[in-house]
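See below for model16.txt, which holds compact mmCIF, C-alpha atoms.
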```txt
# COMPACT_ATOMS: atom_id res chain seq x y z
CA MET A 1 115.69 91.73 145.38
CA PRO A 2 119.03 92.00 143.62
CA PRO A 3 120.69 95.41 143.78
CA ALA A 4 120.01 97.77 140.95
CA THR A 5 122.83 98.11 138.44
CA GLU A 6 123.88 101.15 136.46
CA PRO A 7 123.73 100.94 132.64
CA ASP A 8 127.03 100.04 130.97
CA GLU A 9 128.02 103.43 129.58
CA SER A 10 130.70 101.98 127.31
CA THR A 11 128.19 99.61 125.73
CA ASP A 12 125.66 102.41 125.27
CA ALA A 13 128.31 104.63 123.69
CA ALA A 14 129.42 101.89 121.31
CA THR A 15 125.82 101.21 120.34
CA SER A 16 125.14 104.89 119.71
CA ARG A 17 128.19 105.12 117.45
CA ARG A 18 127.21 102.08 115.39
CA PRO A 19 125.16 103.12 112.34
CA ARG A 20 121.80 101.46 111.91
CA LEU A 21 121.74 98.98 109.07
CA THR A 22 119.98 100.67 106.17
CA PRO A 23 119.47 99.26 102.65
CA SER A 24 122.32 101.39 101.27
CA ILE A 25 124.80 100.33 103.95
CA ALA A 26 123.72 96.69 103.51
CA ASP A 27 124.19 96.86 99.72
CA VAL A 28 127.73 98.22 100.01
CA ARG A 29 128.68 95.75 102.74
CA ARG A 30 127.32 92.84 100.71
CA ALA A 31 129.34 93.91 97.67
CA VAL A 32 132.53 94.08 99.76
CA ARG A 33 131.85 90.75 101.48
CA ALA A 34 131.60 89.04 98.09
CA VAL A 35 135.15 89.98 97.04
CA LEU A 36 137.16 89.60 100.23
CA PRO A 37 139.96 87.02 100.01
CA SER A 38 139.91 83.90 102.14
CA ALA A 39 141.80 84.08 105.43
CA ASP A 40 144.35 81.29 105.17
CA GLY A 41 146.76 81.20 108.08
CA ALA A 42 147.89 84.67 109.16
CA SER A 43 145.26 87.37 108.91
CA PRO A 44 145.69 88.91 105.41
CA LEU A 45 145.52 92.65 104.87
CA VAL A 46 143.23 94.41 102.42
CA LEU A 47 143.81 98.08 101.64
CA VAL A 48 141.12 100.55 100.61
CA ALA A 49 142.19 103.26 98.17
CA LEU A 50 140.56 106.19 99.96
CA SER A 51 140.12 109.68 98.55
CA GLY A 52 137.57 110.79 101.12
CA GLY A 53 134.84 111.03 98.47
CA PRO A 54 131.50 109.27 98.98
CA ASP A 55 132.34 106.17 96.93
CA SER A 56 135.65 105.35 98.60
CA LEU A 57 134.42 106.44 102.05
CA ALA A 58 131.39 104.12 101.86
CA LEU A 59 133.76 101.39 100.66
CA ALA A 60 136.13 102.03 103.58
CA ALA A 61 133.29 101.84 106.11
CA ALA A 62 132.07 98.56 104.62
CA ALA A 63 135.58 97.08 104.58
CA ALA A 64 136.12 98.12 108.22
CA PHE A 65 132.95 96.23 109.13
CA GLU A 66 133.31 93.16 106.91
CA ALA A 67 137.05 92.41 107.00
CA PRO A 68 137.34 91.47 110.71
CA ARG A 69 134.30 89.21 110.36
CA ALA A 70 136.11 87.39 107.56
CA GLY A 71 139.29 87.02 109.60
CA LEU A 72 141.05 89.81 107.70
CA ARG A 73 142.68 93.12 108.52
CA ALA A 74 141.63 96.27 106.68
CA GLY A 75 143.73 99.37 106.12
CA ALA A 76 143.65 102.41 103.88
CA VAL A 77 145.99 104.26 101.56
CA ILE A 78 145.34 107.90 100.70
CA VAL A 79 147.12 109.41 97.70
CA ASP A 80 147.69 113.16 97.77
CA HIS A 81 148.21 114.28 94.17
CA GLY A 82 149.08 117.83 95.22
CA LEU A 83 147.02 119.27 92.36
CA GLN A 84 144.75 121.49 94.45
CA ALA A 85 145.27 124.00 97.21
CA GLY A 86 144.76 122.31 100.56
CA SER A 87 145.25 118.80 99.17
CA ALA A 88 147.39 117.82 102.17
CA GLU A 89 144.57 118.81 104.54
CA VAL A 90 142.06 116.82 102.46
CA ALA A 91 144.35 113.78 102.63
CA GLU A 92 144.81 114.11 106.39
CA ARG A 93 141.05 114.46 106.87
CA ALA A 94 140.50 111.23 104.93
CA ALA A 95 143.21 109.55 107.02
CA GLY A 96 141.44 110.68 110.20
CA GLN A 97 138.15 109.24 108.94
CA ALA A 98 139.89 105.95 108.14
CA ARG A 99 141.36 105.75 111.65
CA SER A 100 137.99 106.54 113.22
CA LEU A 101 136.51 103.62 111.26
CA GLY A 102 139.15 101.34 112.78
CA LEU A 103 141.27 100.87 109.66
CA ASP A 104 144.92 100.06 110.30
CA PRO A 105 147.41 100.77 108.82
CA VAL A 106 146.44 104.14 107.38
CA LEU A 107 149.01 105.35 104.85
CA VAL A 108 149.23 108.76 103.18
CA ARG A 109 151.33 108.99 100.03
CA ARG A 110 152.20 112.32 98.37
CA VAL A 111 152.98 112.01 94.65
CA GLU A 112 154.33 114.25 91.91
CA VAL A 113 152.07 114.43 88.87
CA GLY A 114 153.70 115.06 85.52
CA GLY A 115 154.64 113.47 82.23
CA GLU A 116 152.93 112.63 78.97
CA GLY A 117 149.24 112.17 78.31
CA GLY A 118 147.76 115.17 80.11
CA PRO A 119 146.91 115.71 83.79
CA GLU A 120 144.33 112.92 84.10
CA ALA A 121 146.62 110.23 82.68
CA SER A 122 149.61 111.53 84.64
CA ALA A 123 147.63 111.57 87.88
CA ARG A 124 146.41 108.05 87.24
CA ARG A 125 149.94 106.73 86.66
CA ALA A 126 151.22 108.44 89.81
CA ARG A 127 148.26 107.16 91.84
CA TYR A 128 148.67 103.54 90.80
CA ALA A 129 152.42 103.69 91.37
CA ALA A 130 151.72 104.87 94.93
CA LEU A 131 149.07 102.20 95.46
CA ASP A 132 151.45 99.52 94.15
CA GLU A 133 154.18 100.68 96.52
CA ALA A 134 151.82 100.75 99.50
CA ALA A 135 150.45 97.28 98.72
CA THR A 136 153.94 95.84 98.28
CA SER A 137 155.35 97.43 101.43
CA THR A 138 152.47 96.14 103.57
CA ASP A 139 152.16 92.79 101.78
CA ALA A 140 148.48 93.51 101.14
CA ALA A 141 146.44 90.70 99.60
CA SER A 142 144.32 93.15 97.62
CA VAL A 143 143.56 96.83 97.08
CA LEU A 144 139.89 97.80 96.95
CA LEU A 145 138.93 100.59 94.54
CA GLY A 146 135.73 102.61 94.81
CA HIS A 147 134.59 102.70 91.16
CA THR A 148 130.81 102.40 90.90
CA LEU A 149 128.31 101.33 88.27
CA ASP A 150 128.08 104.98 87.19
CA ASP A 151 131.85 105.16 86.70
CA GLN A 152 131.67 102.05 84.55
CA ALA A 153 128.87 103.48 82.41
CA GLU A 154 130.85 106.70 81.90
CA THR A 155 133.94 104.69 80.93
CA VAL A 156 131.98 102.75 78.30
CA LEU A 157 130.49 105.93 76.81
CA LEU A 158 133.90 107.60 76.67
CA GLY A 159 135.36 104.53 74.96
CA LEU A 160 132.52 104.54 72.46
CA ALA A 161 133.05 108.22 71.68
CA ARG A 162 136.77 107.65 71.12
CA GLY A 163 136.27 104.61 68.91
CA SER A 164 138.54 102.63 71.20
CA GLY A 165 137.30 99.16 70.29
CA ALA A 166 135.87 96.25 72.24
CA ALA A 167 138.66 96.13 74.83
CA SER A 168 137.91 99.71 75.89
CA LEU A 169 134.14 99.25 75.70
CA ALA A 170 134.52 96.33 78.10
CA GLY A 171 135.18 98.95 80.74
CA MET A 172 137.02 98.41 84.00
CA PRO A 173 137.52 94.84 85.17
CA ALA A 174 136.07 93.82 88.52
CA ARG A 175 139.42 92.26 89.34
CA ALA A 176 142.87 92.87 87.84
CA GLY A 177 145.78 91.40 89.75
CA ARG A 178 145.73 92.79 93.28
CA TYR A 179 143.12 95.43 92.37
CA VAL A 180 139.46 94.72 93.10
CA ARG A 181 136.42 96.88 92.34
CA PRO A 182 133.59 95.68 94.59
CA LEU A 183 131.16 98.49 93.74
CA LEU A 184 130.76 98.07 89.97
CA GLY A 185 127.21 96.88 90.61
CA ILE A 186 126.42 99.74 93.03
CA ARG A 187 125.03 103.12 91.97
CA ARG A 188 126.78 106.30 93.04
CA ALA A 189 123.58 107.44 94.75
CA THR A 190 123.76 104.36 96.97
CA THR A 191 127.27 105.18 98.21
CA ARG A 192 126.15 108.71 99.03
CA GLU A 193 123.17 107.37 100.95
CA ALA A 194 125.42 104.89 102.77
CA CYS A 195 127.68 107.74 103.93
CA LEU A 196 124.68 109.80 105.04
CA ASP A 197 123.15 106.84 106.88
CA ALA A 198 126.45 106.13 108.64
CA GLY A 199 126.97 109.74 109.66
CA LEU A 200 130.05 110.10 107.46
CA GLU A 201 130.83 113.41 105.75
CA PRO A 202 132.50 112.79 102.39
CA TRP A 203 134.76 115.27 100.61
CA ILE A 204 133.50 116.48 97.25
CA ASP A 205 136.35 116.77 94.76
CA PRO A 206 136.03 120.04 92.77
CA HIS A 207 137.42 118.18 89.74
CA ASN A 208 134.29 116.02 89.79
CA VAL A 209 132.13 119.02 88.90
CA ASP A 210 134.57 120.74 86.52
CA PRO A 211 133.08 120.63 82.99
CA SER A 212 136.53 120.97 81.41
CA TYR A 213 136.87 117.21 82.03
CA ALA A 214 135.17 114.94 79.47
CA ARG A 215 134.08 112.49 82.16
CA VAL A 216 132.26 115.26 84.05
CA ARG A 217 130.42 116.32 80.88
CA VAL A 218 129.38 112.71 80.29
CA ARG A 219 128.18 112.47 83.90
CA ASP A 220 126.34 115.78 84.12
CA ARG A 221 125.11 116.27 80.54
CA VAL A 222 125.28 113.21 78.31
CA LEU A 223 123.89 110.49 80.57
CA PRO A 224 120.98 112.63 81.82
CA VAL A 225 120.00 113.43 78.21
CA LEU A 226 120.13 109.74 77.29
CA GLU A 227 118.00 108.88 80.32
CA ALA A 228 115.50 111.60 79.43
CA GLU A 229 115.25 110.70 75.74
CA LEU A 230 115.60 106.90 75.84
CA GLY A 231 114.17 106.09 79.24
CA PRO A 232 115.66 105.01 82.56
CA GLY A 233 118.20 102.24 82.90
CA ILE A 234 120.79 103.55 80.42
CA ALA A 235 123.67 103.26 82.88
CA GLU A 236 122.75 99.66 83.72
CA ALA A 237 122.42 98.80 80.02
CA LEU A 238 125.88 100.21 79.31
CA VAL A 239 127.34 98.13 82.14
CA ARG A 240 125.63 94.97 80.82
CA THR A 241 127.17 95.71 77.43
CA ALA A 242 130.58 96.07 79.08
CA GLU A 243 130.17 92.72 80.82
CA GLN A 244 129.30 90.95 77.57
CA LEU A 245 132.21 92.55 75.72
CA ARG A 246 134.58 91.61 78.54
CA GLU A 247 133.48 87.97 78.22
CA ASP A 248 134.18 88.16 74.46
CA ASP A 249 137.53 89.85 75.06
CA GLU A 250 138.58 87.19 77.57
CA ALA A 251 137.62 84.44 75.11
CA PHE A 252 139.73 86.05 72.37
CA GLU A 253 142.66 86.47 74.75
CA ALA A 254 142.46 82.80 75.72
CA GLN A 255 142.58 81.82 72.02
CA ILE A 256 145.56 84.07 71.43
CA GLU A 257 147.45 82.63 74.40
CA GLU A 258 146.97 79.17 72.92
CA LEU A 259 148.15 80.30 69.48
CA ILE A 260 151.01 82.56 70.36
CA GLU A 261 153.75 79.96 70.89
CA GLU A 262 152.91 78.30 67.59
CA ILE A 263 152.87 81.41 65.41
CA CYS A 264 155.82 83.45 66.74
CA GLU A 265 159.57 83.10 66.29
CA PRO A 266 162.32 85.14 67.93
CA ALA A 267 163.92 87.85 65.80
CA GLU A 268 166.86 90.15 66.30
CA ALA A 269 165.72 92.84 68.79
CA GLY A 270 162.13 91.70 68.39
CA ILE A 271 159.72 89.00 67.32
CA ALA A 272 158.42 87.50 64.06
CA VAL A 273 154.83 86.39 63.41
CA SER A 274 153.77 83.83 60.80
CA VAL A 275 152.04 85.42 57.82
CA GLY A 276 150.28 82.15 57.00
CA VAL A 277 148.62 81.86 60.41
CA LEU A 278 147.65 85.54 60.47
CA ALA A 279 146.11 85.23 57.00
CA ALA A 280 144.20 82.08 57.94
CA ASN A 281 142.42 83.72 60.89
CA PRO A 282 139.40 86.05 60.80
CA ALA A 283 140.18 89.76 60.81
CA ALA A 284 139.07 90.22 64.42
CA LEU A 285 141.45 87.56 65.70
CA ARG A 286 144.27 88.60 63.33
CA GLN A 287 144.17 92.18 64.56
CA ARG A 288 144.02 91.15 68.19
CA ILE A 289 147.07 88.93 67.67
CA ILE A 290 148.96 91.89 66.22
CA ARG A 291 148.01 94.13 69.16
CA HIS A 292 148.79 91.37 71.65
CA VAL A 293 152.25 90.70 70.20
CA ILE A 294 153.15 94.39 70.11
CA GLY A 295 151.82 94.99 73.61
CA SER A 296 153.45 91.99 75.27
CA GLU A 297 156.80 92.28 73.45
CA PHE A 298 157.30 96.06 73.49
CA GLY A 299 154.77 97.39 76.01
CA ILE A 300 153.04 99.72 73.56
CA SER A 301 149.46 100.07 72.32
CA LEU A 302 148.49 100.40 68.68
CA SER A 303 145.59 102.47 67.40
CA ARG A 304 143.12 100.82 65.06
CA VAL A 305 144.64 102.67 62.09
CA GLN A 306 148.13 101.41 62.98
CA THR A 307 146.84 97.88 63.51
CA LEU A 308 145.13 97.85 60.11
CA GLU A 309 148.31 99.10 58.44
CA VAL A 310 150.25 96.21 59.96
CA ALA A 311 147.50 93.79 58.90
CA ARG A 312 147.91 94.99 55.28
CA LEU A 313 151.42 93.51 55.35
CA VAL A 314 149.53 90.19 55.50
CA THR A 315 146.33 90.74 53.54
CA ASP A 316 147.39 93.31 50.94
CA TRP A 317 151.10 92.68 50.42
CA HIS A 318 152.53 94.24 47.26
CA GLY A 319 156.09 95.01 48.28
CA GLN A 320 155.44 98.03 50.51
CA GLY A 321 158.23 99.10 52.83
CA PRO A 322 158.43 98.85 56.61
CA LEU A 323 156.02 100.65 58.95
CA ASP A 324 157.22 102.85 61.78
CA LEU A 325 155.19 102.22 64.94
CA PRO A 326 155.22 103.89 68.38
CA GLY A 327 158.15 103.25 70.69
CA GLY A 328 160.70 103.02 67.89
CA VAL A 329 159.26 99.69 66.70
CA ARG A 330 159.32 98.85 63.00
CA ALA A 331 157.07 96.29 61.27
CA THR A 332 158.50 94.67 58.13
CA ARG A 333 157.26 91.93 55.84
CA ALA A 334 160.09 89.40 55.45
CA GLY A 335 159.08 86.32 53.46
CA ALA A 336 156.76 84.15 55.52
CA TYR A 337 156.88 86.49 58.52
CA VAL A 338 155.97 89.95 59.70
CA VAL A 339 158.93 91.01 61.80
CA PHE A 340 158.59 93.53 64.63
CA SER A 341 161.92 94.96 65.70
CA THR A 342 163.40 97.98 67.44
CA THR A 343 166.42 97.96 65.10
CA GLY A 344 164.66 97.40 61.81
CA SER A 345 166.36 94.01 61.42
CA THR A 346 164.36 91.30 59.64
CA GLU A 347 166.51 88.37 60.75
CA VAL A 348 164.39 85.52 62.14
CA LEU A 349 166.28 83.43 64.67
CA PRO A 350 165.97 79.65 65.14
CA HIS A 351 163.45 78.68 67.79
CA ASP A 352 163.21 75.35 69.63
CA HIS A 353 159.50 74.64 70.08
```
Structure encoded using structure tokens:
Amino acid sequence: MPPATEPDESTDAATSRRPRLTPSIADVRRAVRAVLPSADGASPLVLVALSGGPDSLALAAAAAFEAPRAGLRAGAVIVDHGLQAGSAEVAERAAGQARSLGLDPVLVRRVEVGGEGGPEASARRARYAALDEAATSTDAASVLLGHTLDDQAETVLLGLARGSGAASLAGMPARAGRYVRPLLGIRRATTREACLDAGLEPWIDPHNVDPSYARVRVRDRVLPVLEAELGPGIAEALVRTAEQLREDDEAFEAQIEELIEEICEPAEAGIAVSVGVLAANPAALRQRIIRHVIGSEFGISLSRVQTLEVARLVTDWHGQGPLDLPGGVRATRAGAYVVFSTTGSTEVLPHDH
């Protein structure tokens, strides 16, 4: 009889630490697996933007599991906005959770929040600047963000309330440059269950229950009322609407990209757009062209009212003077062109097509 052997304690310990595969964990892992980049040559790095909340923590756990199996490395970046007492401790706790999951590197970035647009917009700008810097410094192939289906539904409702147009109602893209949102098809309840099933203790951001924020009121008051009055499935319906509008928006953008070289001419300190082409196109395309030109040339966004005023230089021209737009840009009708310029000049320059 062969001698008895002792159980492998290291194997038993590893097994006891590994969470059992539950439906919630499987759903989050499957969503992450679907968006991971291919491993060509050297093992690429993906970073998880980790706050320590349930959505990003479930995402981090899934990335830690799936990335090595795809031949990738997975790390995390934690942004400390410094807006709450104890924020440094919250950030370090999230970093410790990331390390315990096996993520490497784990980066903590402290940012200063300030500037125009209120605290939410300022925090968002500071956060993305920190994420960009972290991704660039580590040569990360992508940055995974923890926005869920519920976040998308809230974004669509907020856009609807603000009258922001189809581009805003299209919600957050699943992929934008290096940023990827794997969980847009996953409910927030699923990420919470995944954390619970994996034995992870997420941090609950007090801002996420503060009714002074419009998004919190939409989450806690508006969506529940819609569900109660109109029936279940409202969040999913809003997300389907966003997907359809995004398809429409992408089709319009493709048309504009094809047109833009043909309809624009350089101008002094700006750009000139053909009145004839703008007039010949439907209003929806005409107004998108105007917004696209202003955005790409000057980096500013026009409201619908401002866009319609510019469009009147094409459709309702009766000698009105120039329009002052954000960013010191002026729109002027000059013969066969609408000229956008930072100096007010209407000189159209020769252009070799």
Q: Between CA of Arg30 in chain A and CA of Leu184 in chain A, measure the distance and give it in Å to one decimal.
A: 12.4 Å
Q) Which one of A:Thr138, A:Gln152, A:Gln287, A:Gln97 sits closest to Leu169 in chain A if you count only C-alpha atoms? A)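 Going through A:Thr138, A:Gln152, A:Gln287, A:Gln97 one by one, the smallest distance to Leu169 in chain A is for A:Gln152.
With CA of Ile290 in chain A on one side and CA of Arg124 in chain A on the other, the separation reads 26.6 Å.
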Q. Please, what distance in Å, to one decimal, runs between CA of Gly146 in chain A and CA of Ser303 in chain A?
A.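 Atom-to-atom, CA of Gly146 in chain A and CA of Ser303 in chain A are spaced 29.1 Å apart.
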Let me have the centre and edge lengths in Å, one decimal, of the box along x, y and z around every listed atom of range 276-284 of chain A with 5 Å of margin on each side, as lines of an AutoDock Vina configuration file.
```
center_x = 144.7
center_y = 86.0
center_z = 60.7
size_x = 21.2
size_y = 18.4
size_z = 17.4
```
Sorted per-residue table, range 20-85 of chain A near range 101-116 of chain A, closest atoms and distance, 10 Å, all atoms listed in the file, as a tab-separated table:
```
residue	atom	partner	partner_atom	distance
A:Leu45	CA	A:Asp104	CA	9.2
A:Val46	CA	A:Asp104	CA	9.8
A:Leu47	CA	A:Pro105	CA	8.5
A:Val48	CA	A:Leu103	CA	9.1
A:Ala49	CA	A:Leu107	CA	9.8
A:Leu50	CA	A:Val108	CA	9.6
A:Leu57	CA	A:Leu101	CA	9.9
A:Ala60	CA	A:Leu101	CA	7.9
A:Ala61	CA	A:Leu101	CA	6.3
A:Ala62	CA	A:Leu101	CA	9.5
A:Ala63	CA	A:Leu103	CA	8.5
A:Ala64	CA	A:Leu103	CA	6.0
A:Phe65	CA	A:Leu101	CA	8.5
A:Ala67	CA	A:Leu103	CA	9.8
A:Arg73	CA	A:Asp104	CA	7.5
A:Ala74	CA	A:Leu103	CA	5.5
A:Gly75	CA	A:Asp104	CA	4.4
A:Ala76	CA	A:Val106	CA	4.8
A:Val77	CA	A:Leu107	CA	4.6
A:Ile78	CA	A:Val108	CA	4.7
A:Val79	CA	A:Arg109	CA	4.8
A:Asp80	CA	A:Arg110	CA	4.6
A:His81	CA	A:Val111	CA	5.3
A:Gly82	CA	A:Val111	CA	7.0
A:Leu83	CA	A:Val113	CA	7.8
```
Expected file contents, prior selection, C-alpha atoms, as a PDB file, in the frame of the given file:
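The result, written out as part-v1.pdb:
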```
ATOM      1  CA  LEU A  45     145.520  92.650 104.870  1.00  0.00           C
ATOM      2  CA  VAL A  46     143.230  94.410 102.420  1.00  0.00           C
ATOM      3  CA  LEU A  47     143.810  98.080 101.640  1.00  0.00           C
ATOM      4  CA  VAL A  48     141.120 100.550 100.610  1.00  0.00           C
ATOM      5  CA  ALA A  49     142.190 103.260  98.170  1.00  0.00           C
ATOM      6  CA  LEU A  50     140.560 106.190  99.960  1.00  0.00           C
ATOM      7  CA  LEU A  57     134.420 106.440 102.050  1.00  0.00           C
ATOM      8  CA  ALA A  60     136.130 102.030 103.580  1.00  0.00           C
ATOM      9  CA  ALA A  61     133.290 101.840 106.110  1.00  0.00           C
ATOM     10  CA  ALA A  62     132.070  98.560 104.620  1.00  0.00           C
ATOM     11  CA  ALA A  63     135.580  97.080 104.580  1.00  0.00           C
ATOM     12  CA  ALA A  64     136.120  98.120 108.220  1.00  0.00           C
ATOM     13  CA  PHE A  65     132.950  96.230 109.130  1.00  0.00           C
ATOM     14  CA  ALA A  67     137.050  92.410 107.000  1.00  0.00           C
ATOM     15  CA  ARG A  73     142.680  93.120 108.520  1.00  0.00           C
ATOM     16  CA  ALA A  74     141.630  96.270 106.680  1.00  0.00           C
ATOM     17  CA  GLY A  75     143.730  99.370 106.120  1.00  0.00           C
ATOM     18  CA  ALA A  76     143.650 102.410 103.880  1.00  0.00           C
ATOM     19  CA  VAL A  77     145.990 104.260 101.560  1.00  0.00           C
ATOM     20  CA  ILE A  78     145.340 107.900 100.700  1.00  0.00           C
ATOM     21  CA  VAL A  79     147.120 109.410  97.700  1.00  0.00           C
ATOM     22  CA  ASP A  80     147.690 113.160  97.770  1.00  0.00           C
ATOM     23  CA  HIS A  81     148.210 114.280  94.170  1.00  0.00           C
ATOM     24  CA  GLY A  82     149.080 117.830  95.220  1.00  0.00           C
ATOM     25  CA  LEU A  83     147.020 119.270  92.360  1.00  0.00           C
TER      26      LEU A  83
END
```
Q. Using only C-alpha atoms, which residue out of A:Ala283, A:Leu238, A:Ala31, A:Val293 lies closest to Glu261 in chain A?
A.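 Going through A:Ala283, A:Leu238, A:Ala31, A:Val293 one by one, the smallest distance to Glu261 in chain A is for A:Val293.
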